[in-house]
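Next comes coords27.cif, with mmCIF, C-alpha atoms.
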```cif
data_query
loop_
_atom_site.label_atom_id
_atom_site.label_comp_id
_atom_site.auth_asym_id
_atom_site.auth_seq_id
_atom_site.Cartn_x
_atom_site.Cartn_y
_atom_site.Cartn_z
CA MET J 151 -10.30 34.02 42.15
CA SER J 152 -11.91 33.84 38.77
CA ALA J 153 -12.88 30.49 37.35
CA LEU J 154 -10.93 29.39 34.31
CA ALA J 155 -12.46 27.21 31.63
CA HIS J 156 -10.10 24.56 30.35
CA ALA J 157 -10.64 22.69 27.13
CA VAL J 158 -10.35 18.98 27.82
CA SER J 159 -9.73 16.45 25.07
CA VAL J 160 -11.09 13.00 25.75
CA ILE J 161 -9.26 10.17 24.00
CA ARG J 162 -11.58 7.18 23.94
CA PRO J 163 -11.39 4.06 21.76
CA GLN J 164 -14.27 2.99 19.58
CA PRO J 165 -15.71 -0.52 20.17
CA ALA J 166 -13.45 -2.44 17.78
CA GLN J 167 -10.42 -0.49 19.00
CA GLU J 168 -11.43 -1.24 22.59
CA ALA J 169 -11.58 -4.96 21.83
CA PHE J 170 -8.03 -4.72 20.48
CA LEU J 171 -6.73 -2.58 23.32
CA SER J 172 -8.30 -4.72 26.04
CA SER J 173 -7.08 -8.05 24.68
CA PRO J 174 -4.88 -10.05 27.09
CA ALA J 175 -3.19 -11.83 24.14
CA ASP J 176 0.59 -11.92 23.89
CA ILE J 177 0.14 -11.09 20.19
CA ALA J 178 -2.89 -9.14 19.01
CA ILE J 179 -3.41 -8.17 15.37
CA TYR J 180 -5.99 -5.56 14.41
CA GLY J 181 -7.71 -4.49 11.22
CA GLY J 182 -8.12 -6.37 8.00
CA ALA J 183 -9.57 -3.39 6.05
CA ALA J 184 -9.02 0.32 5.54
CA GLY J 185 -10.47 3.00 7.77
CA GLY J 186 -10.84 0.97 10.96
CA GLY J 187 -8.64 3.31 13.00
CA LYS J 188 -5.74 0.89 13.01
CA THR J 189 -2.81 3.29 13.38
CA TYR J 190 -4.59 5.30 16.07
CA ALA J 191 -5.30 2.14 18.08
CA LEU J 192 -1.72 0.95 17.76
CA LEU J 193 -0.42 4.29 19.05
CA MET J 194 -2.83 4.28 21.98
CA GLU J 195 -1.60 0.91 23.24
CA PRO J 196 1.85 1.83 24.64
CA ALA J 197 0.44 5.01 26.22
CA ARG J 198 -0.83 2.94 29.14
CA HIS J 199 2.77 2.35 30.32
CA VAL J 200 4.43 5.74 29.82
CA HIS J 201 4.51 6.39 33.57
CA ARG J 202 7.07 3.58 33.93
CA PRO J 203 10.77 4.55 33.86
CA GLY J 204 12.66 2.38 31.41
CA PHE J 205 9.66 1.60 29.24
CA ALA J 206 11.07 1.96 25.71
CA PRO J 207 8.95 0.30 23.00
CA VAL J 208 9.48 0.49 19.24
CA ILE J 209 6.77 0.70 16.58
CA PHE J 210 7.83 -0.26 13.06
CA ARG J 211 6.80 0.60 9.52
CA ARG J 212 8.45 -1.01 6.54
CA THR J 213 10.08 2.19 5.18
CA SER J 214 11.10 5.53 6.65
CA PRO J 215 8.77 7.60 4.37
CA GLN J 216 5.83 5.53 5.63
CA VAL J 217 6.70 6.59 9.18
CA ARG J 218 6.82 10.29 8.24
CA ASN J 219 4.04 10.46 5.63
CA GLU J 220 0.97 12.59 6.29
CA GLY J 221 -1.45 10.47 8.27
CA GLY J 222 1.34 8.03 9.20
CA LEU J 223 2.79 7.12 12.56
CA TRP J 224 4.61 10.37 13.36
CA ASP J 225 1.85 12.61 12.06
CA THR J 226 -0.88 10.76 13.97
CA SER J 227 1.16 10.47 17.16
CA ALA J 228 1.54 14.27 17.19
CA ALA J 229 -2.22 14.53 17.74
CA ILE J 230 -2.13 12.12 20.72
CA TYR J 231 1.10 12.07 22.67
CA PRO J 232 1.50 15.79 23.53
CA GLN J 233 -1.88 15.57 25.31
CA LEU J 234 -0.35 12.80 27.44
CA GLY J 235 2.65 14.90 28.45
CA ALA J 236 5.17 13.75 25.84
CA THR J 237 7.88 15.83 24.18
CA PRO J 238 8.97 15.07 20.60
CA ARG J 239 12.47 14.37 19.38
CA GLU J 240 11.82 14.50 15.67
CA HIS J 241 15.42 13.79 14.62
CA THR J 242 15.18 10.37 16.30
CA LEU J 243 11.42 9.89 15.71
CA GLU J 244 10.92 9.51 19.43
CA TRP J 245 8.54 10.75 22.13
CA VAL J 246 9.82 11.23 25.69
CA TRP J 247 7.72 11.38 28.87
CA PRO J 248 8.67 12.99 32.19
CA SER J 249 9.09 9.50 33.68
CA GLY J 250 11.86 8.79 31.19
CA ALA J 251 9.65 6.40 29.21
CA THR J 252 9.89 6.69 25.43
CA VAL J 253 8.04 5.55 22.33
CA ARG J 254 10.20 5.33 19.22
CA PHE J 255 9.33 4.77 15.56
CA ALA J 256 11.67 2.93 13.20
CA HIS J 257 11.70 1.26 9.80
CA LEU J 258 12.77 -2.25 8.77
CA GLN J 259 12.90 -2.14 4.99
CA HIS J 260 15.37 -5.01 4.63
CA ASP J 261 15.39 -8.29 6.52
CA SER J 262 19.06 -7.85 7.41
CA THR J 263 18.17 -4.72 9.40
CA ARG J 264 16.66 -6.94 12.08
CA PHE J 265 20.14 -7.68 13.46
CA GLU J 266 20.38 -4.07 14.65
CA TYR J 267 18.07 -5.22 17.45
CA GLN J 268 20.14 -8.25 18.42
CA GLY J 269 20.86 -7.02 21.95
CA ALA J 270 17.66 -5.06 22.40
CA GLN J 271 15.34 -5.32 25.39
CA LEU J 272 11.93 -4.56 23.95
CA PRO J 273 8.95 -4.62 26.33
CA PHE J 274 6.56 -3.79 23.51
CA VAL J 275 6.86 -4.13 19.73
CA GLY J 276 4.33 -2.70 17.31
CA PHE J 277 4.06 -3.37 13.58
CA ASP J 278 1.97 -0.97 11.49
CA GLU J 279 0.86 -2.92 8.38
CA LEU J 280 2.32 -6.27 9.44
CA SER J 281 1.69 -7.88 6.03
CA HIS J 282 4.45 -5.62 4.63
CA PHE J 283 7.03 -7.38 6.83
CA SER J 284 8.50 -10.81 6.29
CA GLU J 285 7.85 -13.74 8.60
CA THR J 286 11.59 -13.75 9.35
CA VAL J 287 11.51 -10.19 10.68
CA PHE J 288 8.37 -10.81 12.73
CA TRP J 289 9.66 -13.86 14.56
CA TYR J 290 13.10 -12.37 15.09
CA LEU J 291 11.66 -9.26 16.77
CA TRP J 292 9.39 -11.52 18.82
CA SER J 293 12.52 -13.29 20.10
CA ARG J 294 14.07 -9.96 21.16
CA MET J 295 11.22 -9.10 23.51
CA ARG J 296 12.18 -8.85 27.15
CA SER J 297 11.74 -6.20 29.80
CA VAL J 298 13.26 -4.57 32.87
CA SER J 299 10.51 -1.96 33.10
CA GLY J 300 7.92 -4.09 34.87
CA VAL J 301 5.86 -4.56 31.70
CA ARG J 302 5.39 -8.15 30.58
CA PRO J 303 6.56 -8.14 26.93
CA TYR J 304 3.81 -8.24 24.35
CA LEU J 305 3.30 -7.45 20.65
CA ARG J 306 0.61 -5.54 18.78
CA ALA J 307 0.17 -5.13 15.03
CA THR J 308 -2.19 -3.75 12.41
CA THR J 309 -2.74 -5.06 8.92
CA ASN J 310 -4.69 -4.87 5.70
CA PRO J 311 -5.51 -8.10 3.84
CA GLU J 312 -2.72 -9.61 1.74
CA PRO J 313 -3.61 -13.05 0.34
CA ASP J 314 -0.03 -14.00 -0.51
CA SER J 315 1.44 -12.89 2.82
CA TRP J 316 2.62 -15.40 5.44
CA LEU J 317 0.10 -13.64 7.68
CA ARG J 318 -2.83 -15.12 5.73
CA GLN J 319 -1.89 -18.59 6.92
CA PHE J 320 -1.03 -17.41 10.44
CA LEU J 321 -4.55 -15.93 10.80
CA ALA J 322 -6.32 -18.77 8.97
CA TRP J 323 -8.50 -19.75 11.98
CA TRP J 324 -10.06 -16.27 12.10
CA ILE J 325 -10.72 -16.10 8.31
CA ASP J 326 -13.45 -17.93 6.39
CA ASP J 327 -11.52 -20.03 3.91
CA ALA J 328 -14.30 -19.93 1.30
CA THR J 329 -15.11 -16.21 1.35
CA GLY J 330 -11.83 -14.74 2.61
CA LEU J 331 -13.76 -12.58 5.07
CA PRO J 332 -13.18 -12.51 8.85
CA ILE J 333 -15.48 -14.78 10.87
CA PRO J 334 -17.36 -12.33 13.14
CA GLU J 335 -17.83 -14.67 16.10
CA ARG J 336 -14.09 -15.46 16.19
CA SER J 337 -12.92 -11.84 16.17
CA GLY J 338 -11.03 -11.17 19.39
CA ARG J 339 -11.00 -14.81 20.55
CA LEU J 340 -7.70 -16.12 21.88
CA ARG J 341 -5.83 -19.15 20.59
CA TRP J 342 -2.63 -20.63 21.94
CA PHE J 343 0.41 -21.75 19.99
CA ILE J 344 3.90 -23.20 20.32
CA ARG J 345 6.38 -22.57 17.53
CA ASP J 346 9.14 -25.14 16.94
CA GLY J 347 11.33 -23.99 14.09
CA ASP J 348 8.94 -23.24 11.24
CA ASP J 349 6.15 -25.42 12.63
CA ILE J 350 3.31 -24.03 14.74
CA ALA J 351 1.07 -26.17 16.94
CA TRP J 352 -2.31 -24.57 17.75
CA ALA J 353 -4.91 -25.17 20.46
CA ASP J 354 -8.01 -23.48 21.81
CA ARG J 355 -6.72 -23.94 25.36
CA ARG J 356 -3.20 -23.55 26.67
CA GLU J 357 -3.35 -26.82 28.61
CA ASP J 358 -4.10 -28.76 25.41
CA LEU J 359 -0.60 -28.13 24.06
CA ALA J 360 2.26 -30.54 24.72
CA ARG J 361 4.29 -27.93 26.61
CA PRO J 362 1.77 -25.43 27.97
CA GLU J 363 4.48 -23.55 29.83
CA ASP J 364 6.00 -22.59 26.45
CA ALA J 365 2.72 -21.49 24.86
CA ASN J 366 1.78 -17.95 23.87
CA SER J 367 -1.61 -16.50 23.02
CA VAL J 368 -2.65 -14.69 19.86
CA THR J 369 -5.83 -13.05 18.58
CA PHE J 370 -7.12 -11.20 15.54
CA VAL J 371 -9.61 -8.36 15.96
CA ALA J 372 -11.36 -7.61 12.67
CA ALA J 373 -12.42 -4.06 11.81
CA THR J 374 -13.65 -2.14 8.78
CA ILE J 375 -14.54 1.48 8.15
CA GLU J 376 -18.00 0.73 9.57
CA ASP J 377 -16.29 0.33 12.95
CA ASN J 378 -14.97 3.89 12.73
CA PRO J 379 -17.98 6.27 12.78
CA ILE J 380 -15.72 9.14 13.81
CA LEU J 381 -13.90 8.90 10.47
CA LEU J 382 -17.18 8.59 8.57
CA ASP J 383 -18.47 11.74 10.28
CA ALA J 384 -15.25 13.67 9.69
CA ASP J 385 -14.80 12.53 6.07
CA PRO J 386 -18.06 11.23 4.57
CA ASP J 387 -16.41 10.95 1.16
CA TYR J 388 -13.89 8.35 2.37
CA LEU J 389 -16.45 5.56 2.04
CA LYS J 390 -17.21 6.71 -1.51
CA LYS J 391 -13.51 6.58 -2.33
CA LEU J 392 -13.26 2.99 -1.10
CA ARG J 393 -16.33 2.01 -3.12
CA ALA J 394 -14.76 3.58 -6.22
CA LEU J 395 -11.63 1.41 -6.00
CA PRO J 396 -11.01 -1.36 -8.56
CA ARG J 397 -12.59 -4.67 -7.58
CA VAL J 398 -9.50 -6.25 -6.00
CA GLU J 399 -8.64 -3.25 -3.82
CA ARG J 400 -12.34 -2.67 -3.05
CA GLU J 401 -12.76 -6.21 -1.76
CA GLN J 402 -9.57 -5.97 0.31
CA LEU J 403 -9.82 -2.46 1.74
CA LEU J 404 -13.58 -2.02 2.08
CA TYR J 405 -14.65 -5.53 3.06
CA GLY J 406 -11.42 -7.04 4.44
CA ASN J 407 -11.23 -9.92 1.94
CA TRP J 408 -8.09 -12.04 2.44
CA ASN J 409 -8.63 -14.27 -0.62
CA VAL J 410 -9.08 -11.87 -3.53
CA ARG J 411 -5.97 -11.22 -5.60
CA PRO J 412 -5.09 -9.61 -8.93
CA THR J 413 -6.11 -11.92 -11.79
CA ALA J 414 -6.94 -11.56 -15.46
CA GLY J 415 -10.15 -9.60 -15.86
CA ALA J 416 -9.97 -8.16 -12.35
CA TYR J 417 -9.01 -4.68 -13.54
CA PHE J 418 -10.44 -4.33 -17.05
CA LYS J 419 -13.25 -6.10 -18.89
CA ARG J 420 -14.13 -5.77 -22.55
CA ASP J 421 -17.51 -4.21 -21.79
CA PHE J 422 -15.98 -1.44 -19.64
CA TRP J 423 -14.93 0.65 -22.62
CA GLU J 424 -16.84 3.42 -24.38
CA TRP J 425 -15.96 4.32 -27.97
CA ALA J 426 -15.46 7.45 -30.10
CA ASP J 427 -14.49 8.04 -33.72
CA SER J 428 -11.86 10.67 -32.96
CA PHE J 429 -9.79 12.18 -30.16
CA PRO J 430 -11.37 15.47 -29.00
CA GLY J 431 -9.35 18.56 -29.80
CA ASP J 432 -10.62 20.61 -26.89
CA CYS J 433 -9.42 18.59 -23.92
CA ARG J 434 -6.49 18.64 -21.51
CA ALA J 435 -4.12 16.01 -22.85
CA LEU J 436 -0.61 14.55 -22.91
CA ARG J 437 1.27 11.59 -24.36
CA PHE J 438 3.03 9.21 -21.98
CA TRP J 439 5.78 6.88 -23.24
CA ASP J 440 6.71 3.53 -21.75
CA LEU J 441 10.07 2.98 -23.44
CA ALA J 442 11.58 -0.24 -24.71
CA ALA J 443 14.52 -0.54 -27.07
CA THR J 444 14.75 -4.22 -28.00
CA GLU J 445 14.27 -5.38 -31.56
CA PRO J 446 12.07 -8.46 -32.12
CA LYS J 447 14.06 -11.55 -33.01
CA ALA J 448 13.16 -15.16 -33.72
CA GLY J 449 12.18 -16.99 -30.54
CA ARG J 450 11.89 -13.80 -28.49
CA ASP J 451 8.91 -11.76 -27.36
CA PRO J 452 10.36 -8.47 -26.13
CA ASP J 453 8.48 -5.57 -24.61
CA TRP J 454 6.91 -2.91 -26.78
CA THR J 455 7.52 0.81 -26.78
CA ALA J 456 4.08 2.24 -26.07
CA GLY J 457 2.93 5.86 -26.14
CA ALA J 458 -0.52 6.58 -24.76
CA LYS J 459 -2.28 9.79 -25.74
CA VAL J 460 -4.59 10.56 -22.82
CA GLY J 461 -7.11 13.38 -22.55
CA ILE J 462 -9.72 14.46 -20.03
CA ARG J 463 -12.89 16.37 -20.92
CA ASP J 464 -16.06 16.72 -18.87
CA GLY J 465 -15.01 13.92 -16.53
CA ARG J 466 -14.37 11.45 -19.36
CA VAL J 467 -10.97 9.97 -20.20
CA PHE J 468 -10.06 9.66 -23.90
CA LEU J 469 -7.36 7.26 -24.99
CA GLU J 470 -5.45 6.04 -28.02
CA VAL J 471 -2.08 4.29 -28.10
CA GLU J 472 0.85 3.95 -30.48
CA ARG J 473 3.10 0.93 -29.98
CA PHE J 474 5.99 -0.62 -31.86
CA ARG J 475 9.17 -2.66 -31.54
CA ALA J 476 12.39 -1.30 -32.99
CA SER J 477 16.09 -0.71 -32.40
CA PRO J 478 17.02 2.10 -29.96
CA HIS J 479 17.76 4.45 -32.87
CA ASP J 480 14.46 3.68 -34.60
CA VAL J 481 12.56 4.03 -31.33
CA GLU J 482 13.87 7.59 -31.01
CA ARG J 483 13.03 8.33 -34.64
CA ARG J 484 9.48 7.02 -34.30
CA ILE J 485 8.85 8.93 -31.06
CA ARG J 486 10.08 12.13 -32.71
CA SER J 487 7.81 11.54 -35.72
CA ILE J 488 4.75 10.94 -33.54
CA ALA J 489 5.57 14.08 -31.53
CA GLU J 490 5.63 16.12 -34.72
CA THR J 491 2.23 14.71 -35.67
CA ASP J 492 0.79 15.41 -32.22
CA GLY J 493 2.07 18.97 -32.34
CA ARG J 494 4.31 20.92 -30.00
CA ALA J 495 1.41 21.97 -27.79
CA LEU J 496 0.99 18.41 -26.49
CA PRO J 497 3.19 17.73 -23.45
CA ILE J 498 5.28 14.55 -23.54
CA TRP J 499 6.02 12.45 -20.46
CA LEU J 500 8.54 9.64 -20.16
CA GLU J 501 8.80 6.94 -17.54
CA GLN J 502 12.13 7.31 -15.74
CA GLU J 503 13.70 4.13 -14.41
CA PRO J 504 15.55 4.27 -11.06
CA GLY J 505 19.18 5.33 -10.85
CA SER J 506 21.54 7.45 -12.89
CA ALA J 507 20.87 5.53 -16.11
CA GLY J 508 17.19 6.46 -15.98
CA LYS J 509 18.02 10.12 -15.40
CA ALA J 510 20.55 10.09 -18.25
CA LEU J 511 18.05 8.58 -20.69
CA ALA J 512 15.40 11.17 -19.78
CA SER J 513 17.96 13.94 -20.23
CA HIS J 514 18.98 12.51 -23.61
CA TYR J 515 15.39 12.59 -24.86
CA LYS J 516 14.89 16.17 -23.67
CA ARG J 517 18.13 17.47 -25.23
CA ASN J 518 18.65 15.33 -28.32
CA VAL J 519 15.47 13.54 -29.36
CA LEU J 520 12.72 16.05 -28.56
CA PRO J 521 14.29 19.51 -28.39
CA GLY J 522 11.65 22.22 -28.59
CA PHE J 523 8.95 20.01 -27.11
CA THR J 524 7.63 20.09 -23.54
CA VAL J 525 9.16 16.94 -22.09
CA ARG J 526 9.01 15.74 -18.49
CA ALA J 527 9.97 12.52 -16.76
CA LYS J 528 8.04 10.61 -14.10
CA PRO J 529 10.09 8.30 -11.85
CA THR J 530 8.68 4.78 -11.80
CA THR J 531 6.76 3.78 -8.67
CA GLY J 532 7.69 0.12 -8.91
CA SER J 533 4.03 -0.93 -8.46
CA LYS J 534 2.08 -1.41 -11.67
CA ILE J 535 -0.95 -2.57 -9.71
CA ALA J 536 -1.07 0.74 -7.83
CA ASP J 537 -0.56 2.72 -11.04
CA VAL J 538 -3.40 0.94 -12.83
CA GLY J 539 -5.96 1.33 -10.05
CA PRO J 540 -7.27 4.84 -10.88
CA LEU J 541 -7.68 4.10 -14.60
CA SER J 542 -9.40 0.80 -13.80
CA SER J 543 -11.88 2.62 -11.55
CA GLN J 544 -12.69 5.10 -14.32
CA ALA J 545 -13.09 2.30 -16.86
CA GLU J 546 -15.44 0.31 -14.61
CA ALA J 547 -17.53 3.45 -14.17
CA GLY J 548 -17.84 3.79 -17.96
CA ASN J 549 -15.74 6.94 -18.11
CA VAL J 550 -12.92 5.76 -20.42
CA VAL J 551 -13.41 6.29 -24.14
CA LEU J 552 -11.21 4.48 -26.69
CA VAL J 553 -10.70 6.06 -30.09
CA ARG J 554 -11.58 3.53 -32.78
CA GLY J 555 -8.63 2.33 -34.83
CA PRO J 556 -6.35 -0.62 -35.64
CA TRP J 557 -4.57 -0.22 -32.29
CA ALA J 558 -7.64 -0.78 -30.11
CA GLU J 559 -8.15 -4.55 -30.23
CA ALA J 560 -4.59 -5.30 -29.08
CA PHE J 561 -5.05 -2.83 -26.23
CA VAL J 562 -8.38 -4.34 -25.13
CA ARG J 563 -6.87 -7.86 -25.11
CA GLU J 564 -3.83 -6.68 -23.16
CA ALA J 565 -5.99 -4.84 -20.62
CA GLU J 566 -8.26 -7.85 -20.13
CA ALA J 567 -5.24 -10.06 -19.42
CA PHE J 568 -3.65 -7.63 -16.93
CA PRO J 569 -1.75 -8.39 -14.71
CA GLU J 570 -1.20 -11.96 -15.95
CA GLY J 571 -0.67 -11.25 -19.64
CA ALA J 572 2.62 -11.54 -21.47
CA HIS J 573 2.77 -7.76 -21.93
CA ASP J 574 1.41 -4.72 -20.16
CA ASP J 575 3.23 -1.89 -21.98
CA GLN J 576 0.09 -0.20 -23.37
CA VAL J 577 -1.80 -0.52 -20.09
CA ASP J 578 1.22 0.79 -18.22
CA ALA J 579 1.55 3.85 -20.46
CA ALA J 580 -2.18 4.58 -20.36
CA ALA J 581 -2.43 4.21 -16.59
CA LYS J 582 0.58 6.38 -15.89
CA GLY J 583 -0.52 8.96 -18.39
CA TYR J 584 -3.91 9.18 -16.74
CA GLY J 585 -2.27 9.31 -13.30
CA VAL J 586 -0.17 12.30 -14.32
CA LEU J 587 -3.02 14.07 -16.08
CA ALA J 588 -5.46 13.62 -13.19
CA THR J 589 -3.00 14.92 -10.60
CA ALA J 590 -3.19 18.54 -9.56
CA LYS J 591 -0.20 20.76 -10.39
CA VAL J 592 1.14 18.19 -12.89
CA TRP J 593 2.64 20.91 -15.06
CA GLY J 594 4.84 22.08 -12.20
CA VAL J 595 6.57 18.69 -11.95
CA ALA J 596 10.05 18.66 -13.45
#
```

Represent the supplied structure as structure tokens.
Amino acid sequence: MSALAHAVSVIRPQPAQEAFLSSPADIAIYGGAAGGGKTYALLMEPARHVHRPGFAPVIFRRTSPQVRNEGGLWDTSAAIYPQLGATPREHTLEWVWPSGATVRFAHLQHDSTRFEYQGAQLPFVGFDELSHFSETVFWYLWSRMRSVSGVRPYLRATTNPEPDSWLRQFLAWWIDDATGLPIPERSGRLRWFIRDGDDIAWADRREDLARPEDANSVTFVAATIEDNPILLDADPDYLKKLRALPRVEREQLLYGNWNVRPTAGAYFKRDFWEWADSFPGDCRALRFWDLAATEPKAGRDPDWTAGAKVGIRDGRVFLEVERFRASPHDVERRIRSIAETDGRALPIWLEQEPGSAGKALASHYKRNVLPGFTVRAKPTTGSKIADVGPLSSQAEAGNVVLVRGPWAEAFVREAEAFPEGAHDDQVDAAAKGYGVLATAKVWGVA
């Protein structure tokens, strides 16, 4: 009988993941920065029980797209669970083992959705990116945990830093209050708590609490990309990408800082900008409009209509902005006039607000205001901080060039004040324009 060579995949946690996976805590929270292998570790945890009939845990993300996104829960689980004998049921986002055990993924976008689990018996609950969930959802799911599968109920979660999350206070003992960074010698150490209503009593030892029989244990295991050498070997550029983030995101995602938050001057400083006398004619460019249609009146400070002309040449970003306040009719007239000056070769992009009204307005501009021009609409993301990040990174690196003119000083002041300033219309238009321009296949987007 001939010998057959079988390829064997070894799934082994890295040290920080092992600390998380080996913790005896009732609640263990892992991460605090990007690239620490958080999702992979979370998916490995329930695999230890899949030989048990009736074991049916649920792992949550905030929204359904986050579950299905490339590199998300479902995508990552497909690289692990089939090797452990599981069969997928993609329509229910569920893995099934021969024992009858399952692991299911679900979303909890709205707090009211928690009541769908009112009668659930959950031996294991996982939260991927716990800071995205409310405290109400967390404690409600914790109360639903019980088991008939022989597994003592327990909870595991991953997170990135979020200074304004309820989780910042919950993990305060593990975080240096002055620096916002995890305290290395406390990583993985257990503490005990009793929760009465909204109040939590903490102790280092279970027996030090008033009702030790009601106490549960919790720990936080800190990890950064440095704890994930496999990722660094597979994608050496990932560390460079984290270092290139704007300061706030760089502190949070590279170093795990729980204190840093968006403030004035965090994204743009006056000395970031380079200057030029004119906009280059030989660059890839577009104009992006952030629309407003409110006339200025006494005692009011309405938004501005801002149109950013953005170009890229030799790795440098060129920028100049038109902005004005006017009635809806005059806004349309001014945008048409500026388009004629720019020329029909320059593509025009509009921000499209959610819903049918946003679609109707974009259609109106294409058909009635700017016929004959190349006009496209970009649905709003809802996160101005996320939109601004790429432009901020380029500005900090000295790659953004402002064209000298009367418009520039107002833009520089607005950018310096972002995100706390009274207005962000110019910054919003510039950031979104750059985001579209820097994205591959932008001209194929309808």

- Message: Considering all atoms listed in the file, can you say which of J:His257, J:Lys391, J:Arg296, J:Arg306 comes closest to Ala270 (chain J)?
- Response: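 Among J:His257, J:Lys391, J:Arg296, J:Arg306, it is J:Arg296 that comes nearest to Ala270 (chain J).
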
- For Phe255 (chain J), please output as a PyMOL selection string all residues within 6 Å (counting all atoms listed in the file; exclusion window: fewer than 2 positions along the same chain). chain J and resi 208-210+243

- Message: the PyMOL selection byres ((chain J and resi 354-369) around 7) - which residues does that actually catch in the file I just gave you? List them as a ChimeraX atom specification.
- Response: /J:175-179,338-344,353,370-371

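Computed from the coordinates, the CA of Ser506 (chain J) to CA of Thr531 (chain J) distance equals 15.8 Å.
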
- For the file shown, report as a PyMOL selection string the outcome of the PyMOL selection byres ((chain J and resi 482) around 10) at residue level. chain J and resi 441+443+476-481+483-487+515+518-520

- Message: Around the point (6.0, -5.1, -31.5) (coordinates from the file), which residues reach within 8 Å if we count only C-alpha atoms? Answer as a list in words.
- Response: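 Applying the cut-off with only C-alpha atoms, one gets Pro446, Pro452, Asp453, Trp454, Thr455, Arg473, Phe474, Arg475 and Ala476 of chain J.
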
- Task: With a distance cut-off of 8 Å and only C-alpha atoms, select the neighbouring residues of Lys516 (chain J), excluding the residue or stretch itself and same-chain residues fewer than 5 positions from it, and output the selection as a count of residues only.
- Result: 4

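With all atoms listed in the file as the atoms that count, the residue of J:Pro396, J:Pro248, J:Pro207, J:Pro303 with the shortest distance to Phe418 (chain J) is J:Pro396.
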
- Message: I'd like to see the residues matched by the PyMOL selection byres ((chain J and resi 501) around 8) on this file, and ideally I'd get them as a PyMOL selection string.
- Response: chain J and resi 438-441+499-500+502-503+527-530

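For the pair CA of Glu472 (chain J) and CA of Trp557 (chain J), the separation is 7.1 Å.
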
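Using all atoms listed in the file, the nearest neighbour of Thr189 (chain J) within the list J:Trp324, J:Tyr304, J:Phe170, J:Tyr584 is J:Phe170.
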
- Note on the structure: Counting all atoms listed in the file, the residue among J:Trp408, J:Phe422, J:Phe568, J:Phe283 that lies closest to Val550 (chain J) is J:Phe422

- Item | Nearest to Leu436 (chain J) by atom-to-atom distance, counting all atoms listed in the file, from J:Ile380, J:Ala580, J:Ala351, J:Ile325 |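 When distances to Leu436 (chain J) are compared using all atoms listed in the file, the smallest one comes from J:Ala580.
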
- What is the distance between CA of Ala228 (chain J) and CA of Val253 (chain J), in Å to one decimal?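 Separating CA of Ala228 (chain J) from CA of Val253 (chain J) is a distance of 12.0 Å.
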